[in-house]
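Undergrad: What follows is start.pdb; its format and atoms are PDB, C-alpha atoms and all ligand atoms.
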MODEL        1
ATOM      1  CA  VAL A   4     -23.298 -14.445 -37.023
ATOM      2  CA  THR A   5     -23.770 -15.691 -33.466
ATOM      3  CA  ASP A   6     -21.452 -16.466 -30.580
ATOM      4  CA  SER A   7     -22.423 -18.707 -27.680
ATOM      5  CA  ARG A   8     -19.508 -17.725 -25.409
ATOM      6  CA  PRO A   9     -20.421 -15.996 -22.136
ATOM      7  CA  ILE A  10     -20.407 -12.283 -21.373
ATOM      8  CA  GLY A  11     -17.893 -11.391 -18.640
ATOM      9  CA  VAL A  12     -19.223  -9.100 -15.925
ATOM     10  CA  PHE A  13     -17.302  -7.755 -12.969
ATOM     11  CA  ASP A  14     -17.830  -5.533  -9.961
ATOM     12  CA  SER A  15     -15.992  -4.629  -6.772
ATOM     13  CA  GLY A  16     -18.192  -7.133  -4.929
ATOM     14  CA  VAL A  17     -21.805  -8.243  -4.772
ATOM     15  CA  GLY A  18     -23.410  -4.941  -5.822
ATOM     16  CA  GLY A  19     -22.990  -5.649  -9.526
ATOM     17  CA  LEU A  20     -25.470  -8.500  -9.153
ATOM     18  CA  THR A  21     -28.111  -5.766  -9.695
ATOM     19  CA  VAL A  22     -26.635  -5.253 -13.168
ATOM     20  CA  LEU A  23     -26.361  -9.014 -13.737
ATOM     21  CA  ARG A  24     -30.046  -9.289 -12.839
ATOM     22  CA  ALA A  25     -30.929  -6.687 -15.499
ATOM     23  CA  LEU A  26     -28.674  -8.439 -18.040
ATOM     24  CA  LYS A  27     -30.325 -11.805 -17.403
ATOM     25  CA  ALA A  28     -33.773 -10.238 -17.783
ATOM     26  CA  ALA A  29     -32.920  -8.401 -21.008
ATOM     27  CA  LEU A  30     -30.763 -11.138 -22.563
ATOM     28  CA  PRO A  31     -32.300 -14.458 -21.485
ATOM     29  CA  THR A  32     -30.269 -16.584 -23.906
ATOM     30  CA  GLU A  33     -26.863 -15.096 -23.026
ATOM     31  CA  SER A  34     -24.468 -16.967 -20.727
ATOM     32  CA  THR A  35     -22.530 -14.968 -18.144
ATOM     33  CA  VAL A  36     -19.461 -15.221 -15.914
ATOM     34  CA  TYR A  37     -19.614 -12.708 -13.039
ATOM     35  CA  LEU A  38     -16.601 -11.829 -10.915
ATOM     36  CA  GLY A  39     -17.045 -10.002  -7.601
ATOM     37  CA  ASP A  40     -13.740  -8.782  -6.158
ATOM     38  CA  THR A  41     -15.028  -9.352  -2.643
ATOM     39  CA  ALA A  42     -11.500  -9.546  -1.205
ATOM     40  CA  ARG A  43     -10.809  -5.907  -2.108
ATOM     41  CA  VAL A  44     -14.262  -4.280  -1.890
ATOM     42  CA  PRO A  45     -15.063  -1.366  -1.464
ATOM     43  CA  TYR A  46     -13.643   0.515  -4.438
ATOM     44  CA  GLY A  47     -15.693   3.670  -3.915
ATOM     45  CA  THR A  48     -13.345   5.090  -1.293
ATOM     46  CA  ARG A  49     -10.110   4.283  -3.171
ATOM     47  CA  SER A  50      -7.982   6.441  -5.465
ATOM     48  CA  ALA A  51      -8.573   6.358  -9.220
ATOM     49  CA  GLN A  52      -5.124   4.785  -9.745
ATOM     50  CA  THR A  53      -5.889   1.908  -7.392
ATOM     51  CA  VAL A  54      -9.309   1.343  -8.968
ATOM     52  CA  ILE A  55      -7.710   1.229 -12.449
ATOM     53  CA  THR A  56      -5.174  -1.369 -11.261
ATOM     54  CA  TYR A  57      -7.893  -3.491  -9.638
ATOM     55  CA  ALA A  58     -10.112  -3.191 -12.723
ATOM     56  CA  VAL A  59      -7.403  -4.492 -15.056
ATOM     57  CA  ASN A  60      -6.615  -7.302 -12.586
ATOM     58  CA  ASN A  61     -10.286  -8.271 -12.633
ATOM     59  CA  ALA A  62     -10.508  -8.292 -16.416
ATOM     60  CA  ARG A  63      -7.478 -10.617 -16.552
ATOM     61  CA  THR A  64      -8.955 -12.823 -13.859
ATOM     62  CA  LEU A  65     -12.172 -13.179 -15.867
ATOM     63  CA  LEU A  66     -10.172 -13.936 -19.026
ATOM     64  CA  LYS A  67      -8.284 -16.664 -17.207
ATOM     65  CA  HIS A  68     -11.459 -18.337 -15.981
ATOM     66  CA  GLY A  69     -13.781 -17.937 -18.929
ATOM     67  CA  ASP A  70     -13.620 -17.623 -22.707
ATOM     68  CA  ILE A  71     -15.628 -14.390 -22.621
ATOM     69  CA  LYS A  72     -16.741 -12.473 -25.715
ATOM     70  CA  ALA A  73     -17.425  -9.050 -24.176
ATOM     71  CA  LEU A  74     -16.882  -7.291 -20.872
ATOM     72  CA  VAL A  75     -19.596  -5.510 -18.899
ATOM     73  CA  VAL A  76     -18.290  -3.320 -16.087
ATOM     74  CA  ALA A  77     -21.113  -3.380 -13.544
ATOM     75  CA  CYS A  78     -19.356  -1.119 -11.042
ATOM     76  CA  ASN A  79     -19.992   2.626 -11.335
ATOM     77  CA  THR A  80     -16.718   3.517  -9.633
ATOM     78  CA  VAL A  81     -14.747   1.392 -12.123
ATOM     79  CA  SER A  82     -16.801   2.634 -15.081
ATOM     80  CA  ALA A  83     -16.072   6.204 -13.961
ATOM     81  CA  VAL A  84     -12.286   5.928 -13.966
ATOM     82  CA  ALA A  85     -11.102   2.771 -15.734
ATOM     83  CA  ILE A  86     -13.065   2.252 -18.959
ATOM     84  CA  GLU A  87     -10.219   3.483 -21.182
ATOM     85  CA  ALA A  88      -7.621   1.391 -19.336
ATOM     86  CA  LEU A  89      -9.860  -1.668 -19.714
ATOM     87  CA  ARG A  90     -10.385  -1.027 -23.434
ATOM     88  CA  ASP A  91      -6.589  -0.907 -23.792
ATOM     89  CA  ALA A  92      -6.129  -4.064 -21.706
ATOM     90  CA  VAL A  93      -8.542  -6.452 -23.434
ATOM     91  CA  SER A  94      -9.313  -7.069 -27.091
ATOM     92  CA  MET A  95     -13.093  -7.299 -26.941
ATOM     93  CA  PRO A  96     -15.996  -4.860 -26.627
ATOM     94  CA  VAL A  97     -16.115  -3.246 -23.166
ATOM     95  CA  ILE A  98     -19.183  -1.473 -21.806
ATOM     96  CA  GLY A  99     -19.637   0.366 -18.515
ATOM     97  CA  VAL A 100     -22.691   1.672 -16.686
ATOM     98  CA  ILE A 101     -22.032   5.422 -16.981
ATOM     99  CA  GLU A 102     -22.836   6.047 -20.644
ATOM    100  CA  PRO A 103     -26.096   4.040 -20.646
ATOM    101  CA  GLY A 104     -27.087   5.665 -17.315
ATOM    102  CA  ALA A 105     -26.389   9.152 -18.668
ATOM    103  CA  GLU A 106     -28.339   8.336 -21.834
ATOM    104  CA  ALA A 107     -31.316   7.127 -19.760
ATOM    105  CA  ALA A 108     -31.146  10.347 -17.703
ATOM    106  CA  LEU A 109     -31.296  12.463 -20.851
ATOM    107  CA  GLN A 110     -34.328  10.502 -22.043
ATOM    108  CA  ALA A 111     -36.027  11.029 -18.666
ATOM    109  CA  LEU A 112     -35.216  14.723 -18.888
ATOM    110  CA  SER A 113     -36.884  15.064 -22.270
ATOM    111  CA  VAL A 114     -39.994  13.272 -20.964
ATOM    112  CA  LEU A 115     -39.993  15.711 -18.060
ATOM    113  CA  ARG A 116     -39.626  18.723 -20.336
ATOM    114  CA  SER A 117     -42.499  17.548 -22.491
ATOM    115  CA  MET A 118     -44.689  17.217 -19.391
ATOM    116  CA  HIS A 119     -43.617  20.539 -17.883
ATOM    117  CA  PRO A 120     -44.915  20.039 -14.357
ATOM    118  CA  SER A 121     -45.694  23.473 -12.965
ATOM    119  CA  SER A 122     -43.674  22.758  -9.810
ATOM    120  CA  MET A 123     -40.515  22.341 -11.859
ATOM    121  CA  SER A 124     -37.990  24.556 -13.603
ATOM    122  CA  SER A 125     -38.384  24.623 -17.401
ATOM    123  CA  SER A 126     -34.778  23.437 -17.783
ATOM    124  CA  PRO A 127     -34.312  20.911 -14.983
ATOM    125  CA  SER A 128     -30.854  19.680 -14.063
ATOM    126  CA  ILE A 129     -29.446  16.198 -13.395
ATOM    127  CA  THR A 130     -27.957  15.028 -10.090
ATOM    128  CA  VAL A 131     -25.908  11.858  -9.677
ATOM    129  CA  LEU A 132     -25.817   9.883  -6.423
ATOM    130  CA  GLY A 133     -22.697   7.709  -6.193
ATOM    131  CA  THR A 134     -19.580   6.715  -4.302
ATOM    132  CA  GLN A 135     -16.883   9.225  -3.453
ATOM    133  CA  GLY A 136     -14.779   7.898  -6.349
ATOM    134  CA  THR A 137     -17.602   8.244  -8.877
ATOM    135  CA  VAL A 138     -18.416  11.760  -7.670
ATOM    136  CA  ARG A 139     -14.762  12.841  -7.651
ATOM    137  CA  SER A 140     -14.267  11.565 -11.221
ATOM    138  CA  GLY A 141     -16.904  13.875 -12.721
ATOM    139  CA  ALA A 142     -17.567  11.074 -15.238
ATOM    140  CA  TYR A 143     -21.349  11.494 -15.543
ATOM    141  CA  ALA A 144     -21.001  15.268 -16.002
ATOM    142  CA  ARG A 145     -18.416  14.707 -18.755
ATOM    143  CA  VAL A 146     -20.580  12.204 -20.632
ATOM    144  CA  LEU A 147     -23.694  14.400 -20.282
ATOM    145  CA  ALA A 148     -21.825  17.497 -21.482
ATOM    146  CA  ALA A 149     -20.424  15.528 -24.442
ATOM    147  CA  ARG A 150     -24.013  14.654 -25.382
ATOM    148  CA  GLY A 151     -24.943  18.331 -25.419
ATOM    149  CA  HIS A 152     -26.525  18.646 -21.968
ATOM    150  CA  ALA A 153     -25.929  22.295 -21.120
ATOM    151  CA  GLN A 154     -26.890  22.557 -17.435
ATOM    152  CA  PRO A 155     -24.225  21.817 -14.828
ATOM    153  CA  THR A 156     -24.584  18.259 -13.468
ATOM    154  CA  THR A 157     -24.274  17.917  -9.714
ATOM    155  CA  ALA A 158     -23.118  14.815  -7.871
ATOM    156  CA  ILE A 159     -23.614  13.811  -4.248
ATOM    157  CA  ALA A 160     -21.432  11.156  -2.593
ATOM    158  CA  CYS A 161     -23.631   8.852  -0.482
ATOM    159  CA  PRO A 162     -21.133   6.396   1.050
ATOM    160  CA  LEU A 163     -23.473   5.208   3.822
ATOM    161  CA  LEU A 164     -25.948   3.764   1.316
ATOM    162  CA  VAL A 165     -23.638   0.850   0.375
ATOM    163  CA  PRO A 166     -23.481  -0.654   3.906
ATOM    164  CA  LEU A 167     -27.204   0.061   4.409
ATOM    165  CA  ALA A 168     -28.058  -1.957   1.288
ATOM    166  CA  GLU A 169     -25.734  -4.821   2.311
ATOM    167  CA  GLU A 170     -27.177  -4.811   5.812
ATOM    168  CA  GLY A 171     -30.658  -5.115   4.331
ATOM    169  CA  TRP A 172     -31.809  -1.855   5.965
ATOM    170  CA  THR A 173     -33.710  -0.749   2.910
ATOM    171  CA  THR A 174     -37.031   0.254   4.468
ATOM    172  CA  GLY A 175     -38.128   2.301   7.479
ATOM    173  CA  ASP A 176     -36.678   5.241   9.348
ATOM    174  CA  VAL A 177     -32.961   4.562   9.090
ATOM    175  CA  PRO A 178     -32.548   4.751   5.288
ATOM    176  CA  ALA A 179     -35.108   7.582   5.108
ATOM    177  CA  LEU A 180     -33.088   9.702   7.564
ATOM    178  CA  VAL A 181     -29.792   8.982   5.826
ATOM    179  CA  ILE A 182     -31.242   9.703   2.381
ATOM    180  CA  ASP A 183     -32.890  12.931   3.605
ATOM    181  CA  ARG A 184     -29.535  14.098   4.854
ATOM    182  CA  TYR A 185     -27.841  13.419   1.516
ATOM    183  CA  LEU A 186     -30.709  14.933  -0.484
ATOM    184  CA  GLN A 187     -30.241  18.243   1.361
ATOM    185  CA  ALA A 188     -27.499  18.918  -1.175
ATOM    186  CA  LEU A 189     -29.875  18.623  -4.167
ATOM    187  CA  PRO A 190     -30.019  21.730  -6.341
ATOM    188  CA  ALA A 191     -33.409  23.487  -6.445
ATOM    189  CA  ASP A 192     -33.870  22.832 -10.171
ATOM    190  CA  VAL A 193     -33.158  19.068 -10.134
ATOM    191  CA  GLY A 194     -35.407  17.064 -12.456
ATOM    192  CA  VAL A 195     -33.593  13.734 -12.738
ATOM    193  CA  VAL A 196     -31.611  11.801 -10.130
ATOM    194  CA  ILE A 197     -29.299   9.043 -11.393
ATOM    195  CA  LEU A 198     -28.683   6.058  -9.112
ATOM    196  CA  GLY A 199     -24.946   6.008  -9.878
ATOM    197  CA  CYS A 200     -23.962   3.016  -7.751
ATOM    198  CA  THR A 201     -24.634  -0.720  -7.964
ATOM    199  CA  HIS A 202     -26.239  -0.803  -4.512
ATOM    200  CA  TYR A 203     -28.753   2.010  -4.825
ATOM    201  CA  PRO A 204     -31.455   0.080  -6.747
ATOM    202  CA  LEU A 205     -32.147  -1.716  -3.443
ATOM    203  CA  LEU A 206     -32.992   1.679  -1.939
ATOM    204  CA  LYS A 207     -34.753   3.013  -5.012
ATOM    205  CA  HIS A 208     -38.210   3.077  -3.430
ATOM    206  CA  VAL A 209     -36.990   5.059  -0.384
ATOM    207  CA  ILE A 210     -34.944   7.430  -2.562
ATOM    208  CA  ALA A 211     -38.001   7.982  -4.795
ATOM    209  CA  GLN A 212     -40.257   8.530  -1.761
ATOM    210  CA  ARG A 213     -37.934  11.064  -0.156
ATOM    211  CA  LEU A 214     -37.270  12.766  -3.497
ATOM    212  CA  ALA A 215     -41.017  13.184  -3.989
ATOM    213  CA  ILE A 216     -41.055  15.170  -0.748
ATOM    214  CA  HIS A 217     -37.960  17.266  -1.442
ATOM    215  CA  ARG A 218     -38.432  17.785  -5.204
ATOM    216  CA  PRO A 219     -41.931  16.794  -6.351
ATOM    217  CA  GLY A 220     -41.998  15.619  -9.952
ATOM    218  CA  ALA A 221     -38.298  14.670 -10.141
ATOM    219  CA  ILE A 222     -37.551  11.269 -11.723
ATOM    220  CA  VAL A 223     -35.191   8.539 -10.445
ATOM    221  CA  VAL A 224     -33.148   6.778 -13.142
ATOM    222  CA  ASP A 225     -31.425   3.425 -12.608
ATOM    223  CA  GLY A 226     -28.731   2.676 -15.179
ATOM    224  CA  ALA A 227     -28.862  -1.130 -14.825
ATOM    225  CA  ALA A 228     -31.683  -1.701 -17.331
ATOM    226  CA  ALA A 229     -30.142   0.856 -19.700
ATOM    227  CA  THR A 230     -26.788  -0.944 -19.458
ATOM    228  CA  ALA A 231     -28.449  -4.268 -20.277
ATOM    229  CA  ALA A 232     -30.143  -2.742 -23.330
ATOM    230  CA  ALA A 233     -26.859  -1.145 -24.448
ATOM    231  CA  THR A 234     -25.120  -4.513 -24.040
ATOM    232  CA  ALA A 235     -27.694  -6.139 -26.318
ATOM    233  CA  THR A 236     -27.023  -3.486 -28.967
ATOM    234  CA  LEU A 237     -23.261  -3.841 -28.596
ATOM    235  CA  LEU A 238     -23.416  -7.623 -29.022
ATOM    236  CA  LYS A 239     -25.567  -7.262 -32.135
ATOM    237  CA  GLU A 240     -23.243  -4.678 -33.658
ATOM    238  CA  HIS A 241     -20.271  -7.001 -33.182
ATOM    239  CA  GLY A 242     -22.038 -10.166 -34.328
ATOM    240  CA  LEU A 243     -21.625 -11.576 -30.816
ATOM    241  CA  SER A 244     -25.237 -12.331 -29.853
ATOM    242  CA  SER A 245     -26.025 -15.848 -28.653
ATOM    243  CA  PRO A 246     -27.825 -18.204 -31.046
ATOM    244  CA  ALA A 247     -31.625 -17.884 -30.829
ATOM    245  CA  GLY A 248     -33.055 -20.353 -28.321
ATOM    246  CA  ALA A 249     -29.672 -21.026 -26.668
ATOM    247  CA  THR A 250     -29.795 -22.387 -23.110
ATOM    248  CA  PRO A 251     -27.630 -20.071 -21.014
ATOM    249  CA  SER A 252     -25.263 -20.950 -18.190
ATOM    250  CA  HIS A 253     -24.292 -18.566 -15.405
ATOM    251  CA  ARG A 254     -21.158 -18.741 -13.267
ATOM    252  CA  LEU A 255     -20.366 -16.659 -10.192
ATOM    253  CA  LEU A 256     -16.740 -16.073  -9.138
ATOM    254  CA  VAL A 257     -15.489 -14.269  -6.033
ATOM    255  CA  THR A 258     -12.075 -13.443  -4.633
ATOM    256  CA  ASP A 259     -13.249 -14.032  -1.044
ATOM    257  CA  ALA A 260     -16.165 -15.301   1.074
ATOM    258  CA  PRO A 261     -18.510 -17.118  -1.360
ATOM    259  CA  GLN A 262     -21.059 -17.621   1.435
ATOM    260  CA  GLN A 263     -21.359 -13.834   1.831
ATOM    261  CA  MET A 264     -22.309 -13.487  -1.854
ATOM    262  CA  ALA A 265     -24.796 -16.333  -1.493
ATOM    263  CA  ALA A 266     -26.333 -14.576   1.516
ATOM    264  CA  LEU A 267     -26.797 -11.323  -0.434
ATOM    265  CA  ALA A 268     -27.877 -12.890  -3.750
ATOM    266  CA  PRO A 269     -31.631 -12.894  -3.017
ATOM    267  CA  ALA A 270     -31.643  -9.114  -2.435
ATOM    268  CA  PHE A 271     -29.180  -8.120  -5.186
ATOM    269  CA  LEU A 272     -29.771 -10.769  -7.870
ATOM    270  CA  GLY A 273     -33.346 -11.658  -6.993
ATOM    271  CA  GLU A 274     -32.464 -15.362  -6.828
ATOM    272  CA  THR A 275     -31.151 -17.783  -4.269
ATOM    273  CA  VAL A 276     -27.712 -19.159  -5.066
ATOM    274  CA  ASP A 277     -26.153 -22.335  -3.685
ATOM    275  CA  PRO A 278     -22.941 -21.176  -1.906
ATOM    276  CA  SER A 279     -21.088 -24.278  -3.144
ATOM    277  CA  SER A 280     -21.721 -23.208  -6.755
ATOM    278  CA  ILE A 281     -19.785 -19.945  -6.260
ATOM    279  CA  GLU A 282     -16.153 -20.336  -7.335
ATOM    280  CA  LEU A 283     -13.402 -18.853  -5.167
ATOM    281  CA  VAL A 284     -10.569 -17.576  -7.410
ATOM    282  CA  ASP A 285      -7.256 -15.776  -6.988
ATOM    283  CA  VAL A 286      -6.823 -12.322  -8.495
ATOM    284  CA  ILE A 287      -4.547 -12.274 -11.542
ATOM    285  CA  PHE A 288      -2.142  -9.381 -10.963
ATOM    286  CA  ASP A 289      -0.427  -9.196 -14.357
ATOM    287  CA  ALA A 290      -0.636 -10.346 -17.956
ATOM    288  CA  SER A 291       1.851 -13.245 -17.657
TER
HETATM  289  N1  LIG B 301     -19.781  -1.204  -6.905
HETATM  290  C1  LIG B 301     -19.527   0.131  -6.383
HETATM  291  C2  LIG B 301     -20.126   1.171  -7.334
HETATM  292  O1  LIG B 301     -21.049   0.916  -8.064
HETATM  293  C3  LIG B 301     -20.066   0.312  -4.973
HETATM  294  C4  LIG B 301     -19.345  -0.488  -3.921
HETATM  295  C5  LIG B 301     -17.889  -0.092  -3.746
HETATM  296  O2  LIG B 301     -17.590   1.024  -3.268
HETATM  297  O3  LIG B 301     -17.050  -0.891  -4.128
HETATM  298  O4  LIG B 301     -19.660   2.279  -7.383
ENDMDL
END
Output the file's structure in the form of structure tokens.
TA:
Amino acid sequence: VTDSRPIGVFDSGVGGLTVLRALKAALPTESTVYLGDTARVPYGTRSAQTVITYAVNNARTLLKHGDIKALVVACNTVSAVAIEALRDAVSMPVIGVIEPGAEAALQALSVLRSMHPSSMSSSPSITVLGTQGTVRSGAYARVLAARGHAQPTTAIACPLLVPLAEEGWTTGDVPALVIDRYLQALPADVGVVILGCTHYPLLKHVIAQRLAIHRPGAIVVDGAAATAAATATLLKEHGLSSPAGATPSHRLLVTDAPQQMAALAPAFLGETVDPSSIELVDVIFDAS
């Protein structure tokens, strides 16, 4: 069984284009419709209740504009607090970034254990870097504990990294200083650091560089590729994969400022995007 309808993807804004990029790389025949809620970004500083409301609005907005077959939640903050509400709100498979990211972290941890670098604890722990909302939710720790990870998982809120990534300040002294300051809170036994926010892949090289100084041997894990792989599995399981050899189409929707998404697309999506191809849409606030 195959299904040529697009996958719906949404995020609080442009950050989720890092997840879209991974999806396009892993699933080259799948069509996508991406919604960035650029009118209401950021979500990371908002309450869980507000993020849940916005998330359900976004799912309905995507449903209005595209006949989507599955929903990928690219935003960590939304994935942390609203996955259940989204699964209740739409009748299609829904996947977020937290479970695949946690799974990838556990795999990295077992690689690390098998290597046993002498500089590292024999039972290294996992630290999540994310928005305030993601950190407050404890979502990664819950998923890791449910998968049998015994050590406490720590989480560090790094709110300044989102504007740094959007400003394009991803190399040099400024991000290094900011990241050093956040990494001061790393536990001594950390072995794996999860990039628990859409924007952090743009700073991955600096985070990895600074981590190598603070905690030599620790591994940085980015959940975007893991989410793309998990999406492929999910589609297969539900008989929703695109026909082999299908030519995909990709639509970008925003709730404000299409030109701003176009300006950030090269850095976040790895492609240039014609601003006039980005559709400006109104948020759908209820089911009617
Ligand atoms: N997309 C958000 C996340 O991954 C970061 C930006 C925001 O705070 O809205 O958590």
Undergrad: Which polymer residues have any atom within 10 Å of an atom of Leu115 in chain A, counting only C-alpha atoms, with same-chain residues fewer than 3 positions away left out, as a list in words?
TA: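 Contacts, with the query itself left out: Leu109, Gln110, Ala111, Leu112, Met118, His119, Pro120, Met123, Ser125, Ser126, Pro127, Gly194, Val195, Gly220, Ala221 and Ile222 of chain A.
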Undergrad: Would you save the residues from that selection as a PDB file, in the coordinates of the input, using C-alpha atoms?
TA:
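Wrote result.pdb, looks like this:
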ATOM      1  CA  LEU A 109     -31.296  12.463 -20.851  1.00  0.00           C
ATOM      2  CA  GLN A 110     -34.328  10.502 -22.043  1.00  0.00           C
ATOM      3  CA  ALA A 111     -36.027  11.029 -18.666  1.00  0.00           C
ATOM      4  CA  LEU A 112     -35.216  14.723 -18.888  1.00  0.00           C
ATOM      5  CA  MET A 118     -44.689  17.217 -19.391  1.00  0.00           C
ATOM      6  CA  HIS A 119     -43.617  20.539 -17.883  1.00  0.00           C
ATOM      7  CA  PRO A 120     -44.915  20.039 -14.357  1.00  0.00           C
ATOM      8  CA  MET A 123     -40.515  22.341 -11.859  1.00  0.00           C
ATOM      9  CA  SER A 125     -38.384  24.623 -17.401  1.00  0.00           C
ATOM     10  CA  SER A 126     -34.778  23.437 -17.783  1.00  0.00           C
ATOM     11  CA  PRO A 127     -34.312  20.911 -14.983  1.00  0.00           C
ATOM     12  CA  GLY A 194     -35.407  17.064 -12.456  1.00  0.00           C
ATOM     13  CA  VAL A 195     -33.593  13.734 -12.738  1.00  0.00           C
ATOM     14  CA  GLY A 220     -41.998  15.619  -9.952  1.00  0.00           C
ATOM     15  CA  ALA A 221     -38.298  14.670 -10.141  1.00  0.00           C
ATOM     16  CA  ILE A 222     -37.551  11.269 -11.723  1.00  0.00           C
TER      17      ILE A 222
END
Undergrad: Given the file shown, enumerate the residues that the PyMOL selection byres (((chain A and resi 28) around 12) and not hetatm) captures and present them as a PDB file with C-alpha atoms, in the frame of the given file.
TA:
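Final output, out_14.pdb:
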ATOM      1  CA  THR A  21     -28.111  -5.766  -9.695  1.00  0.00           C
ATOM      2  CA  VAL A  22     -26.635  -5.253 -13.168  1.00  0.00           C
ATOM      3  CA  LEU A  23     -26.361  -9.014 -13.737  1.00  0.00           C
ATOM      4  CA  ARG A  24     -30.046  -9.289 -12.839  1.00  0.00           C
ATOM      5  CA  ALA A  25     -30.929  -6.687 -15.499  1.00  0.00           C
ATOM      6  CA  LEU A  26     -28.674  -8.439 -18.040  1.00  0.00           C
ATOM      7  CA  LYS A  27     -30.325 -11.805 -17.403  1.00  0.00           C
ATOM      8  CA  ALA A  29     -32.920  -8.401 -21.008  1.00  0.00           C
ATOM      9  CA  LEU A  30     -30.763 -11.138 -22.563  1.00  0.00           C
ATOM     10  CA  PRO A  31     -32.300 -14.458 -21.485  1.00  0.00           C
ATOM     11  CA  THR A  32     -30.269 -16.584 -23.906  1.00  0.00           C
ATOM     12  CA  GLU A  33     -26.863 -15.096 -23.026  1.00  0.00           C
ATOM     13  CA  SER A  34     -24.468 -16.967 -20.727  1.00  0.00           C
ATOM     14  CA  ALA A 227     -28.862  -1.130 -14.825  1.00  0.00           C
ATOM     15  CA  ALA A 228     -31.683  -1.701 -17.331  1.00  0.00           C
ATOM     16  CA  ALA A 229     -30.142   0.856 -19.700  1.00  0.00           C
ATOM     17  CA  THR A 230     -26.788  -0.944 -19.458  1.00  0.00           C
ATOM     18  CA  ALA A 231     -28.449  -4.268 -20.277  1.00  0.00           C
ATOM     19  CA  ALA A 232     -30.143  -2.742 -23.330  1.00  0.00           C
ATOM     20  CA  ALA A 235     -27.694  -6.139 -26.318  1.00  0.00           C
ATOM     21  CA  LEU A 272     -29.771 -10.769  -7.870  1.00  0.00           C
ATOM     22  CA  GLY A 273     -33.346 -11.658  -6.993  1.00  0.00           C
TER      23      GLY A 273
END
Undergrad: Identify, counting all atoms listed in the file, the protein, DNA and RNA residues located within 10 Å of ligand LIG 301 (chain B), and give them as a compact mmCIF listing (two decimals) with C-alpha atoms, in the frame of the given file.
TA:
# COMPACT_ATOMS: atom_id res chain seq x y z
CA PHE A 13 -17.30 -7.76 -12.97
CA ASP A 14 -17.83 -5.53 -9.96
CA SER A 15 -15.99 -4.63 -6.77
CA GLY A 16 -18.19 -7.13 -4.93
CA VAL A 17 -21.80 -8.24 -4.77
CA GLY A 18 -23.41 -4.94 -5.82
CA GLY A 19 -22.99 -5.65 -9.53
CA LEU A 20 -25.47 -8.50 -9.15
CA THR A 21 -28.11 -5.77 -9.70
CA VAL A 22 -26.64 -5.25 -13.17
CA GLY A 39 -17.05 -10.00 -7.60
CA ASP A 40 -13.74 -8.78 -6.16
CA THR A 41 -15.03 -9.35 -2.64
CA ARG A 43 -10.81 -5.91 -2.11
CA VAL A 44 -14.26 -4.28 -1.89
CA PRO A 45 -15.06 -1.37 -1.46
CA TYR A 46 -13.64 0.52 -4.44
CA GLY A 47 -15.69 3.67 -3.92
CA THR A 48 -13.34 5.09 -1.29
CA ARG A 49 -10.11 4.28 -3.17
CA VAL A 54 -9.31 1.34 -8.97
CA VAL A 76 -18.29 -3.32 -16.09
CA ALA A 77 -21.11 -3.38 -13.54
CA CYS A 78 -19.36 -1.12 -11.04
CA ASN A 79 -19.99 2.63 -11.34
CA THR A 80 -16.72 3.52 -9.63
CA VAL A 81 -14.75 1.39 -12.12
CA SER A 82 -16.80 2.63 -15.08
CA ALA A 83 -16.07 6.20 -13.96
CA VAL A 100 -22.69 1.67 -16.69
CA LEU A 132 -25.82 9.88 -6.42
CA GLY A 133 -22.70 7.71 -6.19
CA THR A 134 -19.58 6.72 -4.30
CA GLN A 135 -16.88 9.22 -3.45
CA GLY A 136 -14.78 7.90 -6.35
CA THR A 137 -17.60 8.24 -8.88
CA VAL A 138 -18.42 11.76 -7.67
CA PRO A 162 -21.13 6.40 1.05
CA LEU A 164 -25.95 3.76 1.32
CA VAL A 165 -23.64 0.85 0.38
CA PRO A 166 -23.48 -0.65 3.91
CA GLU A 169 -25.73 -4.82 2.31
CA LEU A 198 -28.68 6.06 -9.11
CA GLY A 199 -24.95 6.01 -9.88
CA CYS A 200 -23.96 3.02 -7.75
CA THR A 201 -24.63 -0.72 -7.96
CA HIS A 202 -26.24 -0.80 -4.51
CA TYR A 203 -28.75 2.01 -4.82
Undergrad: In Å, rounded to a single decimal, give me how far CA of Leu205 in chain A is from CA of Trp172 in chain A.
TA: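 One can read the CA of Trp172 in chain A to CA of Leu205 in chain A distance as 9.4 Å.
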Undergrad: Pick the closest to Arg213 in chain A from A:Leu237, A:Ala108, A:Val75, A:Leu189: which is it, counting all atoms listed in the file?
TA: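 Checking each candidate against Arg213 in chain A, we get A:Leu189 as the closest.
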Undergrad: For each of A:Arg8, A:Ser128, A:Pro178, A:Glu170, take the minimum atom-to-atom distance to Ala266 in chain A, counting all atoms listed in the file, then give the residue where this is smallest.
TA: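 Using all atoms listed in the file, the shortest distance to Ala266 in chain A belongs to A:Glu170.
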Undergrad: Which value, in Å to one decimal, gives the distance between CA of Val36 in chain A and CA of Gly69 in chain A?
TA: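 That distance, rounded to one decimal, is 7.0 Å.
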Undergrad: With only C-alpha atoms as the basis for distance, which of A:Val209, A:Val224, A:Cys161, A:Ile71 is at the shortest distance from Tyr37 in chain A?
TA: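 Closest to Tyr37 in chain A of all the choices is A:Ile71.
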Undergrad: Please measure the separation of CA of Ala265 in chain A and CA of Thr174 in chain A, giving the value in Å to one decimal.
TA: 21.5 Å
Undergrad: Centre and edge lengths, as JSON, for the axis-aligned box enclosing every listed atom of range 205-223 of chain A with 6 Å of padding on each of the six sides, in Å to one decimal?
TA:
{"center_x": -37.1, "center_y": 8.0, "center_z": -5.9, "size_x": 21.9, "size_y": 31.5, "size_z": 23.6}
Undergrad: The PyMOL selection byres (((chain A and resi 259) around 6) and not hetatm) on the file shown: which residues, as a list of chain:residue names?
TA: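 In the shown coordinates, the PyMOL selection byres (((chain A and resi 259) around 6) and not hetatm) covers A:Thr41, A:Ala42, A:Val257, A:Thr258, A:Ala260.
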